Each structure stands twice: as C-alpha cells, then as structure tokens.
$ cat query.cif   # mmCIF, C-alpha atoms
data_run
#
loop_
_atom_site.label_atom_id
_atom_site.label_comp_id
_atom_site.auth_asym_id
_atom_site.auth_seq_id
_atom_site.Cartn_x
_atom_site.Cartn_y
_atom_site.Cartn_z
CA MET A 1 0.00 0.00 0.00
CA PRO A 2 2.12 2.92 -1.22
CA SER A 3 -0.44 5.50 0.00
CA LEU A 4 -0.28 4.19 3.58
CA ASP A 5 3.50 4.31 3.38
CA LYS A 6 3.33 7.97 2.28
CA ILE A 7 0.87 8.82 5.08
CA TYR A 8 3.19 7.12 7.57
CA HIS A 9 6.29 9.06 6.48
CA PHE A 10 4.41 12.35 6.26
CA LEU A 11 3.00 11.76 9.73
CA LEU A 12 6.37 10.76 11.15
CA LYS A 13 7.86 14.00 9.84
CA ASP A 14 5.06 16.08 11.40
CA ILE A 15 5.48 14.33 14.77
CA GLN A 16 9.26 14.88 14.67
CA VAL A 17 8.82 18.57 13.86
CA GLU A 18 6.18 18.98 16.58
CA ALA A 19 8.27 17.14 19.18
CA ARG A 20 11.15 19.54 18.50
CA ARG A 21 8.89 22.51 19.11
CA GLY A 22 8.38 21.26 22.66
CA PHE A 23 7.67 24.69 24.13
CA GLU A 24 4.46 24.97 22.08
CA VAL A 25 3.24 21.53 23.10
CA LEU A 26 4.10 22.21 26.74
CA ALA A 27 2.29 25.56 26.65
CA SER A 28 -0.76 23.87 25.16
CA ILE A 29 -0.69 21.05 27.74
CA GLY A 30 -0.28 23.67 30.50
CA PHE A 31 -3.32 25.58 29.27
CA ILE A 32 -5.44 22.43 28.94
CA SER A 33 -4.42 21.11 32.37
CA ALA A 34 -5.18 24.45 34.03
CA ALA A 35 -8.55 24.72 32.26
CA SER A 36 -9.45 21.13 33.23
CA LEU A 37 -8.46 21.68 36.87
CA ILE A 38 -10.57 24.84 37.07
CA VAL A 39 -13.59 23.09 35.52
CA ALA A 40 -13.19 20.14 37.91
CA GLU A 41 -12.86 22.50 40.89
CA VAL A 42 -15.96 24.49 39.91
CA ALA A 43 -17.96 21.29 39.29
CA VAL A 44 -17.08 19.91 42.74
CA ARG A 45 -17.71 23.18 44.60
CA SER A 46 -21.02 23.94 42.87
CA PHE A 47 -22.29 20.34 42.93
CA THR A 48 -22.78 20.44 39.14
CA PRO A 49 -20.87 17.41 37.88
CA GLN A 50 -23.12 17.25 34.82
CA PHE A 51 -21.15 20.18 33.32
CA VAL A 52 -17.89 18.27 33.32
CA ILE A 53 -18.62 16.31 30.12
CA PRO A 54 -19.73 19.29 27.93
CA ALA A 55 -16.74 21.20 29.30
CA LEU A 56 -14.47 18.39 28.10
CA TRP A 57 -15.94 18.60 24.61
CA ILE A 58 -15.42 22.37 24.54
CA ILE A 59 -11.79 21.81 25.58
CA VAL A 60 -11.47 19.34 22.70
CA VAL A 61 -12.73 22.06 20.32
CA PHE A 62 -10.07 24.42 21.70
CA ILE A 63 -7.41 21.77 21.07
CA ALA A 64 -8.74 21.49 17.50
CA ILE A 65 -8.21 25.24 17.06
CA PHE A 66 -4.62 24.80 18.23
CA THR A 67 -4.03 21.90 15.82
CA ALA A 68 -5.56 23.89 12.94
CA THR A 69 -2.74 26.40 13.40
CA THR A 70 -0.08 23.67 13.34
CA THR A 71 -1.03 21.80 10.19
CA PHE A 72 -1.24 23.57 6.82
CA VAL A 73 -0.97 27.07 8.28
CA ARG A 74 2.46 26.39 9.72
CA GLU A 75 3.62 24.90 6.41
CA VAL A 76 2.65 28.20 4.77
CA ASP A 77 4.31 30.29 7.49
CA LYS A 78 7.53 28.32 7.13
CA ARG A 79 7.30 28.22 3.30
CA THR A 80 7.56 24.41 3.41
CA ILE A 81 4.15 24.28 1.74
CA PHE A 82 5.97 24.55 -1.62
CA GLY A 83 7.77 21.28 -0.84
CA VAL A 84 4.48 19.67 0.16
CA ARG A 85 2.73 20.80 -3.02
CA LEU A 86 5.59 19.57 -5.19
CA LEU A 87 5.34 16.03 -3.81
CA PRO A 88 4.05 13.47 -6.32
CA ILE A 89 1.20 12.36 -4.08
CA PRO A 90 -2.53 13.11 -4.33
CA PRO A 91 -3.77 16.06 -2.22
CA SER A 92 -6.20 13.76 -0.42
CA ILE A 93 -3.25 11.74 0.93
CA ILE A 94 -1.65 14.94 2.21
CA PHE A 95 -4.95 15.92 3.81
CA LEU A 96 -5.41 12.50 5.45
CA SER A 97 -1.84 12.63 6.82
CA LYS A 98 -2.54 16.02 8.38
CA MET A 99 -5.84 14.76 9.73
CA VAL A 100 -4.23 11.76 11.41
CA PHE A 101 -1.61 14.09 12.89
CA SER A 102 -4.37 16.36 14.28
CA PHE A 103 -6.18 13.30 15.63
CA ILE A 104 -3.07 12.16 17.52
CA LEU A 105 -2.60 15.64 19.02
CA ILE A 106 -6.27 15.80 20.00
CA LEU A 107 -6.23 12.32 21.55
CA PHE A 108 -3.05 13.08 23.48
CA GLN A 109 -4.05 16.49 24.82
CA GLY A 110 -7.75 15.65 25.17
CA GLY A 111 -6.76 12.46 27.02
CA ILE A 112 -4.85 14.54 29.57
CA SER A 113 -7.90 16.76 30.03
CA LEU A 114 -10.22 13.76 30.37
CA LEU A 115 -8.02 12.17 33.04
CA ILE A 116 -7.73 15.39 35.05
CA LEU A 117 -11.47 16.03 34.87
CA ALA A 118 -12.35 12.46 35.83
CA VAL A 119 -9.93 12.27 38.75
CA PHE A 120 -10.33 15.78 40.21
CA SER A 121 -14.10 16.00 39.85
CA GLY A 122 -14.57 12.43 41.06
CA GLN A 123 -16.64 11.56 37.96
CA LEU A 124 -14.96 8.26 37.22
CA TYR A 125 -17.74 7.24 34.82
CA MET A 126 -15.87 9.49 32.36
CA LEU A 127 -13.50 6.57 31.90
CA SER A 128 -16.37 4.29 30.84
CA THR A 129 -16.51 2.74 27.38
CA ASN A 130 -19.28 4.94 26.00
CA VAL A 131 -17.54 8.19 27.01
CA LEU A 132 -14.28 6.92 25.54
CA PHE A 133 -16.11 5.93 22.36
CA VAL A 134 -17.63 9.43 22.04
CA PHE A 135 -14.22 10.96 22.82
CA ILE A 136 -12.54 9.04 19.99
CA ALA A 137 -15.34 9.66 17.48
CA LEU A 138 -15.52 13.35 18.35
CA GLY A 139 -11.72 13.50 18.12
CA LEU A 140 -11.94 12.18 14.55
CA HIS A 141 -14.65 14.68 13.69
CA VAL A 142 -12.81 17.73 15.03
CA SER A 143 -9.47 16.63 13.56
CA ALA A 144 -11.10 16.50 10.10
CA ILE A 145 -12.64 19.92 10.67
CA ALA A 146 -9.35 21.35 12.01
CA SER A 147 -7.31 20.08 9.04
CA PHE A 148 -9.92 21.19 6.56
CA THR A 149 -10.14 24.68 8.08
CA SER A 150 -6.36 24.93 8.11
CA ALA A 151 -6.20 24.01 4.40
CA LEU A 152 -9.06 26.33 3.52
CA VAL A 153 -7.65 29.50 5.10
CA MET A 154 -3.91 28.82 4.94
CA TYR A 155 -3.26 31.68 2.49
CA SER A 156 -5.74 34.07 4.05
CA GLU A 157 -4.46 37.13 5.89
CA GLY A 158 -7.43 36.94 8.26
CA ARG A 159 -6.79 33.34 9.30
CA ALA A 160 -6.14 34.23 12.97
CA PHE A 161 -9.81 35.20 13.12
CA LEU A 162 -11.17 32.69 10.60
CA ILE A 163 -9.69 29.52 12.16
CA PRO A 164 -11.42 29.75 15.57
CA MET A 165 -14.63 30.98 13.96
CA LEU A 166 -14.83 28.17 11.40
CA VAL A 167 -13.73 25.41 13.79
CA PHE A 168 -16.38 26.55 16.29
CA ILE A 169 -19.14 26.84 13.70
CA LEU A 170 -18.37 23.46 12.15
CA THR A 171 -17.92 21.49 15.38
CA ILE A 172 -20.56 22.97 17.70
CA PRO A 173 -23.50 21.16 15.94
CA VAL A 174 -22.22 17.74 17.07
CA ILE A 175 -21.53 18.77 20.69
CA PRO A 176 -25.17 18.35 21.97
CA LEU A 177 -25.36 14.82 20.55
CA ALA A 178 -21.91 13.95 21.93
CA THR A 179 -23.01 15.30 25.34
CA SER A 180 -26.24 13.33 25.46
CA LEU A 181 -24.46 10.15 24.33
CA SER A 182 -21.94 10.45 27.15
CA ASP A 183 -24.39 11.48 29.89
CA PRO A 184 -24.99 8.52 32.28
CA ALA A 185 -28.39 9.98 33.25
CA VAL A 186 -29.67 9.79 29.65
CA PRO A 187 -30.04 6.26 28.27
CA SER A 188 -28.74 6.23 24.70
CA LEU A 189 -30.16 4.06 21.97
CA LEU A 190 -28.13 2.25 19.36
CA ASN A 191 -29.67 4.59 16.78
CA ASP A 192 -28.14 7.60 18.54
CA TYR A 193 -24.69 6.06 18.33
CA LEU A 194 -25.21 5.18 14.68
CA MET A 195 -26.35 8.71 13.92
CA PHE A 196 -23.29 10.12 15.64
CA LEU A 197 -21.01 7.77 13.71
CA ALA A 198 -22.80 8.73 10.48
CA GLU A 199 -22.20 12.43 11.18
CA VAL A 200 -18.51 11.77 11.81
CA SER A 201 -18.21 9.63 8.66
CA ILE A 202 -19.93 12.23 6.48
CA THR A 203 -17.58 14.90 7.84
CA LEU A 204 -14.54 12.73 7.03
CA ILE A 205 -15.73 11.98 3.50
CA VAL A 206 -16.82 15.54 2.64
CA THR A 207 -13.66 17.19 4.01
CA THR A 208 -11.41 14.67 2.19
CA ILE A 209 -13.21 15.24 -1.13
CA LEU A 210 -13.16 19.03 -0.76
CA SER A 211 -9.51 19.03 0.33
CA GLU A 212 -8.59 17.40 -3.00
CA TYR A 213 -9.92 20.50 -4.76
CA ILE A 214 -8.62 23.05 -2.24
CA LEU A 215 -5.07 21.71 -2.16
CA ARG A 216 -4.90 21.32 -5.93
CA THR A 217 -5.77 24.96 -6.51
CA MET B 18 16.39 17.28 -29.96
CA ASP B 19 13.11 16.44 -28.18
CA ILE B 20 11.14 19.28 -26.64
CA VAL B 21 10.81 18.80 -22.87
CA VAL B 22 9.12 22.02 -21.78
CA GLN B 23 6.86 24.34 -23.69
CA ALA B 24 5.48 27.53 -22.17
CA ILE B 25 2.80 28.72 -24.56
CA ASP B 26 1.62 32.32 -24.47
CA ILE B 27 1.75 32.67 -20.69
CA TRP B 28 0.01 35.63 -19.12
CA LYS B 29 -0.13 36.23 -15.37
CA ARG B 30 -1.96 38.99 -13.58
CA TYR B 31 -0.90 39.53 -9.98
CA ARG B 32 -2.38 42.18 -7.67
CA GLY B 33 -3.80 44.16 -10.56
CA ARG B 34 -0.58 44.13 -12.60
CA TRP B 35 0.39 41.99 -15.59
CA VAL B 36 3.61 40.34 -14.40
CA LEU B 37 3.96 38.06 -17.42
CA ARG B 38 2.67 38.86 -20.90
CA ARG B 39 2.85 36.74 -24.01
CA LEU B 40 5.69 34.69 -22.55
CA SER B 41 6.65 31.68 -24.64
CA LEU B 42 9.57 29.30 -24.24
CA GLU B 43 10.70 25.98 -25.64
CA VAL B 44 13.36 23.93 -23.93
CA GLY B 45 14.96 20.85 -25.46
CA ASP B 46 16.21 17.66 -23.86
CA SER B 47 19.57 17.79 -21.98
CA SER B 48 19.90 21.52 -22.41
CA LEU B 49 20.77 24.35 -20.08
CA THR B 50 18.58 27.44 -20.11
CA ALA B 51 19.22 30.60 -18.10
CA ILE B 52 16.63 33.31 -17.52
CA LEU B 53 18.20 36.59 -16.57
CA GLY B 54 16.19 39.41 -15.09
CA ARG B 55 16.18 42.14 -12.47
CA ASN B 56 14.42 41.67 -9.12
CA GLY B 57 10.65 41.89 -9.42
CA VAL B 58 10.36 41.22 -13.16
CA GLY B 59 8.50 37.94 -12.59
CA LYS B 60 11.22 35.27 -12.60
CA THR B 61 9.92 33.54 -9.48
CA THR B 62 6.33 33.78 -10.72
CA PHE B 63 7.38 32.13 -13.97
CA ILE B 64 9.25 29.38 -12.09
CA LYS B 65 6.18 28.72 -9.93
CA ILE B 66 4.01 28.52 -13.03
CA LEU B 67 6.55 26.26 -14.70
CA CYS B 68 6.48 23.72 -11.87
CA GLY B 69 2.72 23.88 -11.39
CA LEU B 70 2.59 25.77 -8.10
CA VAL B 71 0.78 28.75 -9.64
CA ARG B 72 -1.76 28.74 -12.45
CA PRO B 73 -1.22 31.22 -15.27
CA THR B 74 -4.07 33.65 -15.96
CA LYS B 75 -3.82 32.57 -19.58
CA GLY B 76 -1.65 30.11 -21.51
CA LYS B 77 -0.35 26.65 -20.70
CA ILE B 78 2.75 24.73 -19.76
CA LEU B 79 3.40 21.47 -21.56
CA LEU B 80 5.81 19.01 -20.06
CA TYR B 81 6.65 16.20 -22.50
CA GLY B 82 3.58 17.36 -24.44
CA GLU B 83 1.15 17.19 -21.49
CA ASP B 84 -0.53 20.17 -19.86
CA ILE B 85 0.70 20.15 -16.26
CA HIS B 86 -2.34 22.04 -14.95
CA ARG B 87 -4.83 19.53 -16.33
CA GLY B 88 -3.54 16.14 -15.19
CA GLN B 89 -3.30 14.50 -11.78
CA GLY B 90 0.20 15.83 -11.09
CA ASP B 91 2.07 12.77 -12.40
CA TYR B 92 4.75 15.07 -13.83
CA LYS B 93 5.91 15.94 -10.29
CA SER B 94 7.99 12.79 -9.93
CA SER B 95 10.07 13.74 -12.97
CA ILE B 96 10.95 17.28 -11.93
CA GLY B 97 13.24 18.67 -9.24
CA VAL B 98 12.68 22.21 -8.09
CA LEU B 99 14.90 24.57 -6.17
CA MET B 100 12.75 27.37 -4.79
CA HIS B 101 14.07 30.82 -4.01
CA GLU B 102 13.27 30.30 -0.32
CA ASN B 103 14.25 27.46 2.00
CA ILE B 104 11.61 24.71 1.91
CA LEU B 105 13.36 22.30 4.26
CA TYR B 106 12.04 21.80 7.79
CA GLU B 107 14.14 23.89 10.17
CA GLU B 108 13.48 21.54 13.11
CA LEU B 109 14.96 18.56 11.25
CA THR B 110 18.58 17.88 10.32
CA ILE B 111 19.77 17.87 6.70
CA GLU B 112 19.90 14.07 6.81
CA GLU B 113 16.32 13.79 8.16
CA ASN B 114 15.01 16.26 5.61
CA LEU B 115 16.63 14.47 2.67
CA ARG B 116 15.47 11.08 3.92
CA TYR B 117 11.91 12.36 4.35
CA TYR B 118 11.76 13.85 0.84
CA ALA B 119 13.36 10.76 -0.70
CA ARG B 120 10.74 8.51 0.91
CA MET B 121 7.94 10.72 -0.31
CA TYR B 122 9.33 10.18 -3.81
CA GLY B 123 9.48 6.45 -3.17
CA VAL B 124 13.27 6.33 -2.81
CA GLU B 125 14.83 4.66 0.25
CA ASP B 126 18.28 6.28 0.15
CA PRO B 127 18.28 10.03 -0.61
CA LEU B 128 21.76 9.79 -2.13
CA SER B 129 21.08 6.74 -4.26
CA SER B 130 20.99 8.77 -7.47
CA SER B 131 24.33 9.85 -8.87
CA SER B 132 23.14 13.46 -9.27
CA ALA B 133 22.09 13.82 -5.62
CA ARG B 134 25.30 12.18 -4.38
CA GLU B 135 27.42 14.32 -6.66
CA ALA B 136 25.69 17.49 -5.46
CA TYR B 137 25.96 16.38 -1.82
CA GLU B 138 29.68 15.78 -2.12
CA LEU B 139 30.46 18.73 -4.36
CA LEU B 140 28.62 21.19 -2.13
CA GLY B 141 30.32 19.79 0.99
CA LEU B 142 27.18 18.96 2.96
CA GLU B 143 28.65 15.92 4.71
CA LYS B 144 29.98 17.95 7.65
CA TYR B 145 26.52 19.40 8.37
CA ARG B 146 24.44 16.29 7.77
CA ASP B 147 23.39 16.05 11.45
CA THR B 148 22.84 19.78 11.90
CA LYS B 149 19.31 21.12 12.11
CA VAL B 150 18.49 23.22 9.07
CA GLY B 151 17.35 26.05 11.34
CA HIS B 152 20.92 26.32 12.66
CA LEU B 153 22.48 26.72 9.21
CA SER B 154 23.41 29.94 7.43
CA PHE B 155 21.53 31.01 4.28
CA GLY B 156 24.24 29.63 1.99
CA TRP B 157 24.22 26.18 3.59
CA LYS B 158 20.44 26.06 3.53
CA LYS B 159 20.62 26.84 -0.16
CA ARG B 160 23.09 24.01 -0.76
CA ALA B 161 20.90 21.57 1.18
CA ASN B 162 17.89 22.69 -0.89
CA ILE B 163 19.83 22.03 -4.09
CA VAL B 164 20.46 18.43 -3.00
CA ARG B 165 16.79 18.09 -2.00
CA ALA B 166 15.81 19.03 -5.54
CA LEU B 167 17.83 16.10 -6.84
CA VAL B 168 16.82 13.24 -4.49
CA ASN B 169 14.31 11.87 -7.00
CA ASP B 170 16.88 11.93 -9.82
CA PRO B 171 14.68 14.24 -11.94
CA GLN B 172 14.94 14.55 -15.69
CA LEU B 173 14.02 18.23 -15.52
CA VAL B 174 15.65 20.48 -12.92
CA ILE B 175 14.15 23.92 -12.34
CA MET B 176 16.15 26.30 -10.17
CA ASP B 177 15.10 29.72 -9.01
CA GLU B 178 18.24 31.78 -8.45
CA PRO B 179 20.59 28.95 -7.44
CA THR B 180 23.44 31.38 -6.82
CA SER B 181 21.68 34.24 -5.02
CA GLY B 182 23.07 34.86 -1.55
CA LEU B 183 26.05 32.57 -2.12
CA ASP B 184 29.66 33.64 -1.84
CA GLU B 185 32.02 33.30 -4.80
CA GLN B 186 33.33 29.91 -3.69
CA ALA B 187 29.82 28.48 -3.37
CA THR B 188 28.82 30.04 -6.71
CA LEU B 189 31.76 28.23 -8.32
CA GLU B 190 30.63 24.95 -6.75
CA VAL B 191 27.11 25.48 -8.11
CA ALA B 192 28.60 26.28 -11.54
CA ARG B 193 30.55 23.03 -11.45
CA LEU B 194 27.42 21.14 -10.44
CA LEU B 195 25.32 22.72 -13.21
CA ARG B 196 27.93 21.79 -15.78
CA ARG B 197 27.93 18.15 -14.64
CA LEU B 198 24.14 17.91 -14.40
CA SER B 199 23.63 19.44 -17.83
CA THR B 200 25.27 16.45 -19.50
CA ASN B 201 22.19 14.28 -18.96
CA LYS B 202 19.46 16.53 -17.56
CA THR B 203 17.39 19.44 -18.75
CA ILE B 204 18.06 22.45 -16.57
CA ILE B 205 16.24 25.75 -16.40
CA PHE B 206 17.49 28.34 -13.93
CA THR B 207 16.93 32.00 -13.22
CA ILE B 208 19.56 34.51 -12.26
CA SER B 209 19.34 38.18 -11.35
CA ASN B 210 22.98 39.03 -10.98
CA LYS B 211 25.00 39.52 -14.17
CA GLU B 212 28.25 38.91 -12.26
CA ASP B 213 27.00 35.48 -11.14
CA LEU B 214 26.13 34.70 -14.72
CA ASP B 215 29.64 35.70 -15.77
CA ILE B 216 31.08 33.33 -13.13
CA LEU B 217 28.94 30.52 -14.53
CA LEU B 218 29.95 31.34 -18.11
CA GLY B 219 33.58 31.51 -17.01
CA LYS B 220 33.29 27.92 -15.77
CA GLY B 221 32.62 26.69 -19.27
CA ILE B 222 28.82 26.59 -19.00
CA LYS B 223 27.10 27.50 -22.24
CA PRO B 224 23.42 28.01 -21.50
CA VAL B 225 20.83 29.43 -23.83
CA ILE B 226 20.24 32.79 -22.17
CA TYR B 227 16.97 34.71 -22.17
CA ARG B 228 16.28 38.07 -20.60
CA LEU B 229 12.92 38.46 -18.87
CA GLU B 230 11.71 41.97 -19.63
CA ASP B 231 8.26 43.59 -19.71
CA GLY B 232 6.68 40.22 -18.98
CA GLY B 233 8.23 38.40 -21.95
CA LEU B 234 11.43 36.56 -22.82
CA ILE B 235 14.00 37.95 -25.22
CA GLU B 236 16.96 35.90 -26.40
CA TYR B 237 20.10 37.41 -24.89
CA ALA B 238 23.06 37.93 -27.17
#

$ encode --input "query.cif" --output "structure tokens"
Amino acid sequence: MPSLDKIYHFLLKDIQVEARRGFEVLASIGFISAASLIVAEVAVRSFTPQFVIPALWIIVVFIAIFTATTTFVREVDKRTIFGVRLLPIPPSIIFLSKMVFSFILILFQGGISLLILAVFSGQLYMLSTNVLFVFIALGLHVSAIASFTSALVMYSEGRAFLIPMLVFILTIPVIPLATSLSDPAVPSLLNDYLMFLAEVSITLIVTTILSEYILRT
Amino acid sequence: MDIVVQAIDIWKRYRGRWVLRRLSLEVGDSSLTAILGRNGVGKTTFIKILCGLVRPTKGKILLYGEDIHRGQGDYKSSIGVLMHENILYEELTIEENLRYYARMYGVEDPLSSSSAREAYELLGLEKYRDTKVGHLSFGWKKRANIVRALVNDPQLVIMDEPTSGLDEQATLEVARLLRRLSTNKTIIFTISNKEDLDILLGKGIKPVIYRLEDGGLIEYA
C-alpha cells in the first residue's frame, strides 16, 4: 500500500517537527491542564458534575483550534508548503496525513484533560466505554474539521480570526449529541450512536473530497 | 532534440498588474537554459508557473507534451525544483530532511541517485548532515535545498536563483554542479545578478540565455 506508506512518512515528519517545538506543546498542555483543573474544581464546589462532560468537549474544540494552526498554516508560514505541493502524491493523501496528525494531538491532549477532569471532579464514569467511544469519534470529527479549516484558510491574511470561527461553527453542531451520548443519566439508543457515527463519517468523506480540490488549486 | 518544456503564451496577472505577458519558451532535452532578469520582473512567478505551483491567468505549460495544470500531477515525480526560499524543515537535520523527501518520492536512500550524491559531495554537505536546518546559514540552507531538488533523480531540474546569496566559492561549486548535471538533464534556472552569470559562463557553461523583460522573454546575445 504505497499510500499508507506515504501517510506514515508524512505523519512521522510532522510528529518529529512537533516534538522539536516542545515549548508549544508544553504551553498547550499547561493551558489544557489548568482549564481542566478549574472546571473540575468548579464542578465539585457547585455540585454540578453534569457540566464536566460538555466542558471536556469544549476543551477538545479548543485543542482542535490549536491543531488547525499547526497543520497547513504552519507549512505556509515556514514556506515548506511549496515542498508539500511539489510532492508526487494526491492532495487527499496529504490531507489525510494532516488529519491523522491532528487526531493524535487531540487524543493526546484531550486524554490529559479527560483524566484530570475524571480524577479531580470524582466523575470516574468518564472513563467508561461509552464516554471513551464518544471521545474518539468526536476526536476524529474535530481533527477532520481542524485540518480542513487549516487548508481552507492557509493563504488568508485573516486566518487568525477565521480559524477559531470556522472550527467553532463546524464542530458545535455535534456537541449536543456527543453530550447526550456520554451522559450517564440519559439512556442512549443504538440509533443515537449510529447517527453520531454517520455524522462523523460524512464529515470525514466531505472534508477529504473538498480538500482534493482546495489543495490542488 | 526532443522538446521537454513548452510555455505557450503565458500571461499572469498579480495584484492588478500583468507580471507576465505573451511569454513563450521551448526547452529541449539535456539543455541548459538561463533566464536573466532584475528583481521583481516575474522570474519567481514564472518558475512557480513552470512547476505547477501557480496557475497562469492565460496560456499553458506542456511538459513532455502534457498540460501540467490539467492532469493529476504525475509530472511531479520527474521534476526537481529549487525554490528561491528554503523549503526544508528547520526543526529537522539535513539528513532527516533528505530522507523524508526521498521517501515521499518512493526512494529509500536520498543519495542513491548519482546526481544527488554528486551534489551532496560537491557542495560539501557531509559535515553538516546532522545539523538542524534552522541552525544553518543562508548559503548552507541553499546548498541543502539544491540536493533536496535532486533526491528523486529528476529529468528536468528547475532552479530559481541557485546562486543568489552565495559567496564566490559556493557560486563556483554550483557552476561546477550545473555543468555536470547538464550532461544528462534538462536544466532551467533564473539569475538576477549579471556577475554570477559571468562566473557561470567563465566555468565553461554555455546556456541558452533569455532576458525576462516587460513580462516576456527575449533571447540574450
């Protein structure tokens, strides 16, 4: 599978570059940890543990905004985008590589947030299978949105404003469903899970198809 | 001699100004073509159009008879491009960058082709192979970028100002490299400095020279 091989090497390069920009990752982890601790503290003090899960999903959206600035946008800032566009590989493979990279970042940083929230708010059900399932599926959804947004606005001068706006607008519609699916007080039906998975799948397919056109032009 | 590249009636409008107008060029197999022009006349724009990074407002680029802006980008594996700016990852070493690009072109060893190895040795990159690109001076970044352009052993090499920012010694090394590469590759390069061109000519290189002026190419006597 030559395409998988290309995705692997592209991804490996992105991880290496990111790991060597440790200060940015550390700053991001610091922000996420602090935000998670504050949310957990507020939830415990105000006896409102039901807000912990939606707060986690909002934190995941914030992480997606951060990853949107590290994928295509950084390649443009560093001029390495010319090297990327000269590669003899289809744009959809480049997009998928960036999406997998965003997904890894979101899982890693979101996982830290999830652990902190679960432990410090005492809501250990957050480590249950259905919450973890929603976390992974939502992670896929927002990583596709983050990479797509990054590709869409990479040459725009107003991208500092456009990235958070677009990521918010495109991810917020799935947050209510993700919240209800992960709420232990609300029994979820198999249909709800299937609908959520369908939404995530449609996002993946549509963003991959559109990225082919965006990156080619 | 087979025609490798044809630029047919290229027009490019950029920020309300016609940068290129009625530009046409034909380049034959295993030839060396130099495009001379002052800063801002559109050399880099033309190079970007030539390698498919920018679409012309009008006109087309044929590579081996095929329009590069219409296909699926298959031509990319047969060209090597040196951009004016550094396109290597500053956080990675020269070795890591070359290995990454080679693998993306489906090559395991970045120096497996004779042209890449020759360039690597001639430009003296061995001593900096484990240095991060971000820690290198402009001249060394340029040399590393030249080798990067050759890792896929391209038939067509397009270089945007390969000598700009280099000292005389490095310019001589590039001249030597161009002379060797031109024996079996088609090379198109731009140059803004007449003195650099004289250094190249002094090294026995005999390119077909064009001057880029008023958006078009004029053969340079």

$ closest_residue --input "query.cif" --among "B:Leu195, B:Ile216, B:Leu115, B:Leu183" --to "chain A" --atoms "all atoms listed in the file"
B:Leu115

$ closest_residue --input "query.cif" --among "B:Ala161, B:Val71, B:Val191, B:Ile208" --to "chain A" --atoms "all atoms listed in the file"
B:Val71

$ residues_around --input "query.cif" --residues "Gly110 of chain A" --least-positions-apart "3" --cutoff "10 Å" --atoms "only C-alpha atoms" --output "MDAnalysis selection string"
chainID A and resid 29 32:33 36 56:57 59:64 103:107 113:116 135:136 139

$ resolve_selection --input "query.cif" --expression "the PyMOL selection byres ((chain B and resi 218) around 12)" --output "MDAnalysis selection string"
chainID B and resid 49 51 188:189 191:193 195:196 211:217 219:226

$ interface_residues --input "query.cif" --of "chain B" --to "chain A" --cutoff "7 Å" --atoms "only C-alpha atoms" --output "ChimeraX atom specification"
/B:90-91,93-94,104-106,108-109,117,121-122

$ residues_near_point --input "query.cif" --point "(-7.3, 25.3, 4.2)" --cutoff "10 Å" --atoms "only C-alpha atoms" --output "list in words"
Ala68, Thr71, Phe72, Val73, Phe95, Ile145, Ala146, Ser147, Phe148, Thr149, Ser150, Ala151, Leu152, Val153, Met154, Tyr155, Ser156, Arg159, Ile163, Leu210, Ser211, Ile214 and Leu215 of chain A

$ write_last_selection --input "query.cif" --atoms "C-alpha atoms" --output "mmCIF file, in the coordinates of the input"
data_model
loop_
_atom_site.group_PDB
_atom_site.id
_atom_site.type_symbol
_atom_site.label_atom_id
_atom_site.label_comp_id
_atom_site.auth_asym_id
_atom_site.auth_seq_id
_atom_site.Cartn_x
_atom_site.Cartn_y
_atom_site.Cartn_z
ATOM 1 C CA ALA A 68 -5.560 23.890 12.940
ATOM 2 C CA THR A 71 -1.030 21.800 10.190
ATOM 3 C CA PHE A 72 -1.240 23.570 6.820
ATOM 4 C CA VAL A 73 -0.970 27.070 8.280
ATOM 5 C CA PHE A 95 -4.950 15.920 3.810
ATOM 6 C CA ILE A 145 -12.640 19.920 10.670
ATOM 7 C CA ALA A 146 -9.350 21.350 12.010
ATOM 8 C CA SER A 147 -7.310 20.080 9.040
ATOM 9 C CA PHE A 148 -9.920 21.190 6.560
ATOM 10 C CA THR A 149 -10.140 24.680 8.080
ATOM 11 C CA SER A 150 -6.360 24.930 8.110
ATOM 12 C CA ALA A 151 -6.200 24.010 4.400
ATOM 13 C CA LEU A 152 -9.060 26.330 3.520
ATOM 14 C CA VAL A 153 -7.650 29.500 5.100
ATOM 15 C CA MET A 154 -3.910 28.820 4.940
ATOM 16 C CA TYR A 155 -3.260 31.680 2.490
ATOM 17 C CA SER A 156 -5.740 34.070 4.050
ATOM 18 C CA ARG A 159 -6.790 33.340 9.300
ATOM 19 C CA ILE A 163 -9.690 29.520 12.160
ATOM 20 C CA LEU A 210 -13.160 19.030 -0.760
ATOM 21 C CA SER A 211 -9.510 19.030 0.330
ATOM 22 C CA ILE A 214 -8.620 23.050 -2.240
ATOM 23 C CA LEU A 215 -5.070 21.710 -2.160
#

$ resolve_selection --input "query.cif" --expression "the PyMOL selection byres ((chain B and resi 149) around 10)" --output "list in words"
Leu105, Tyr106, Glu107, Glu108, Leu109, Thr110, Ile111, Glu112, Glu113, Asn114, Tyr145, Arg146, Asp147, Thr148, Val150, Gly151, His152, Leu153 and Lys158 of chain B

$ resolve_selection --input "query.cif" --expression "the PyMOL selection byres ((chain A and resi 198-207) around 7)" --output "count of residues only"
12

$ closest_residue --input "query.cif" --among "B:Asp46, B:Glu138, B:Asp26, B:Glu83" --to "Leu173 of chain B" --atoms "all atoms listed in the file"
B:Asp46

$ closest_residue --input "query.cif" --among "B:Ile66, B:Val44, B:Leu194, B:Leu79" --to "Arg160 of chain B" --atoms "all atoms listed in the file"
B:Leu194

$ atom_distance --input "query.cif" --atom1 "atom CA of Thr207 of chain B" --atom2 "atom CA of Ile20 of chain B"
19.4 Å

$ atom_distance --input "query.cif" --atom1 "atom CA of Gly233 of chain B" --atom2 "atom CA of Leu40 of chain B"
4.5 Å

$ residues_near_point --input "query.cif" --point "(22.5, 15.1, -17.5)" --cutoff "10 Å" --atoms "only C-alpha atoms" --output "MDAnalysis selection string"
chainID B and resid 46:49 132 171:174 195:204

$ atom_distance --input "query.cif" --atom1 "atom CA of Leu37 of chain B" --atom2 "atom CA of Ile163 of chain B"
26.2 Å

$ closest_residue --input "query.cif" --among "B:Arg72, B:Arg134, B:Arg228, B:Arg87" --to "Arg165 of chain B" --atoms "all atoms listed in the file"
B:Arg134

$ closest_residue --input "query.cif" --among "A:Leu166, A:Val142, A:Ala160, A:Val134" --to "Ala178 of chain A" --atoms "only C-alpha atoms"
A:Val134

$ residues_around --input "query.cif" --residues "Tyr137 of chain B" --least-positions-apart "4" --cutoff "8 Å" --atoms "only C-alpha atoms" --output "list in words"
Leu128, Ala133, Gly141, Leu142, Glu143, Ala161 and Val164 of chain B

$ axis_aligned_box --input "query.cif" --around "segment 151-158 of chain A" --padding-each-side "3 Å" --output "JSON"
{"center_x": -6.2, "center_y": 30.6, "center_z": 5.4, "size_x": 11.8, "size_y": 19.1, "size_z": 11.8}
